[in-house]
Amino acid sequence: MATKIRLQRRGRKGYAFYSIVIADARAPRDGRFIEKIGTYNPNTNPATVDLDFERSLYWVEVGAQPTDTVRNILKREGVYMMKHLKGGVKKNAFDEETAQRRFDAWKADKQKGLDNIRQSEAKAKAEAAKKELEAEKKTNEAIAQKVAEKKAAEAAAKAEAEVAAAAEAAAAEPAAEA
């Protein structure tokens, strides 16, 4: 039986979410599968992968053929790196402890790169929010200045009206006395 490691679509319209499954090569994309070995969410940056490493390594070693996307996911998660290192152990090029050390160093380097991406994304978001806040402050200051000018103009007009009323009253008093 020819087996494939493929993605099985889940999620709603416009928000794809995939399960990574082992399926018969003749089964339809969203049809029957043998085993579910993980999930893949391409909607986050970087894409989120939850993978059963041991089972995926087992299936790759027994000859299950991954699709192109799944192959890239497995490479990024280190399944093919571990397969390569286990091949070196079988050929007595190095021992299992050395292989595990090499894999851990590779994984740590990969994780550092992902952390840098996440940090740069968070920094860019924070900068965008800061710029937006500054623009909003400038807009609010301009509006406050216009309101203050309008209130000053109204106060000046009211003061002029009071002065004119006082002048009329003063002019009316001598006329009333006479």
# chains A, B, ... in the order shown; residues from 1 in each chain; ligands from 1

$ residues_around --residues "segment 114-131 of chain A" --least-positions-apart "4" --cutoff "9 Å" --atoms "only C-alpha atoms" --output "compact mmCIF listing (two decimals) with N, CA and C atoms, in the first residue's frame"
# COMPACT_ATOMS: atom_id res chain seq x y z
N ASN A 45 2.13 34.33 11.72
CA ASN A 45 3.44 34.63 11.16
C ASN A 45 4.48 34.48 12.25
N PRO A 46 5.39 33.54 12.19
CA PRO A 46 5.52 32.47 11.21
C PRO A 46 4.43 31.42 11.41
N ASP A 109 19.36 26.72 16.80
CA ASP A 109 19.62 27.76 15.80
C ASP A 109 18.35 28.12 15.04
N LYS A 110 17.57 27.12 14.69
CA LYS A 110 16.30 27.35 14.00
C LYS A 110 15.34 28.13 14.88
N ALA A 135 0.19 60.53 15.65
CA ALA A 135 -0.68 61.19 14.67
C ALA A 135 -2.00 61.59 15.32
N GLU A 136 -2.54 60.71 16.15
CA GLU A 136 -3.80 61.02 16.84
C GLU A 136 -3.62 62.19 17.80

$ residues_around --residues "Arg9 of chain A" --least-positions-apart "4" --cutoff "8 Å" --atoms "only C-alpha atoms" --output "list in words"
Ala16, Phe17, Tyr18, Ser19, Arg29 and Asp30 of chain A

$ select_by_dssp --residues "segment 12-174 of chain A" --states "strand (DSSP E)" --output "PyMOL selection string"
chain A and resi 12+15-24+35-41+48-51+65-66

$ residues_around --residues "segment 94-108 of chain A" --least-positions-apart "2" --cutoff "9 Å" --atoms "only C-alpha atoms" --output "VMD selection string"
chain A and resid 77 to 78 81 to 82 85 to 86 88 to 92 110 to 113

$ closest_residue --among "A:Leu7, A:Ala144, A:Ile20, A:Ala27" --to "Asp52 of chain A" --atoms "only C-alpha atoms"
A:Ile20

$ residues_around --residues "segment 64-73 of chain A" --least-positions-apart "2" --cutoff "7 Å" --atoms "only C-alpha atoms" --output "VMD selection string"
chain A and resid 3 to 7 59 to 60 62 75 to 77

$ write_last_selection --atoms "C-alpha atoms" --output "CSV table (one decimal), in the first residue's frame"
chain,number,residue,atom,x,y,z
A,3,THR,CA,1.1,5.9,1.8
A,4,LYS,CA,1.2,9.7,1.6
A,5,ILE,CA,1.8,12.3,4.2
A,6,ARG,CA,-0.6,15.1,3.2
A,7,LEU,CA,-2.6,18.0,4.5
A,59,TRP,CA,6.5,7.3,8.7
A,60,VAL,CA,9.2,9.0,6.7
A,62,VAL,CA,9.1,3.5,6.4
A,75,LYS,CA,12.2,19.9,6.8
A,76,ARG,CA,11.6,23.0,8.9
A,77,GLU,CA,10.7,20.9,11.9

$ residues_around --residues "Lys36 of chain A" --least-positions-apart "2" --cutoff "9 Å" --atoms "only C-alpha atoms" --output "NGL selection string"
:A and (19-23 or 33-34 or 38-39 or 52)

$ select_by_dssp --residues "chain A" --states "helix (DSSP H, G or I)" --output "number ranges by chain"
A: 53-61, 68-77, 79-90, 96-177

$ atom_distance --atom1 "atom CA of Ala171 of chain A" --atom2 "atom CA of Glu154 of chain A"
25.4 Å

$ atom_distance --atom1 "atom CA of Ile37 of chain A" --atom2 "atom CA of Leu57 of chain A"
10.2 Å

$ atom_distance --atom1 "atom CA of Glu168 of chain A" --atom2 "atom CA of Lys150 of chain A"
26.8 Å
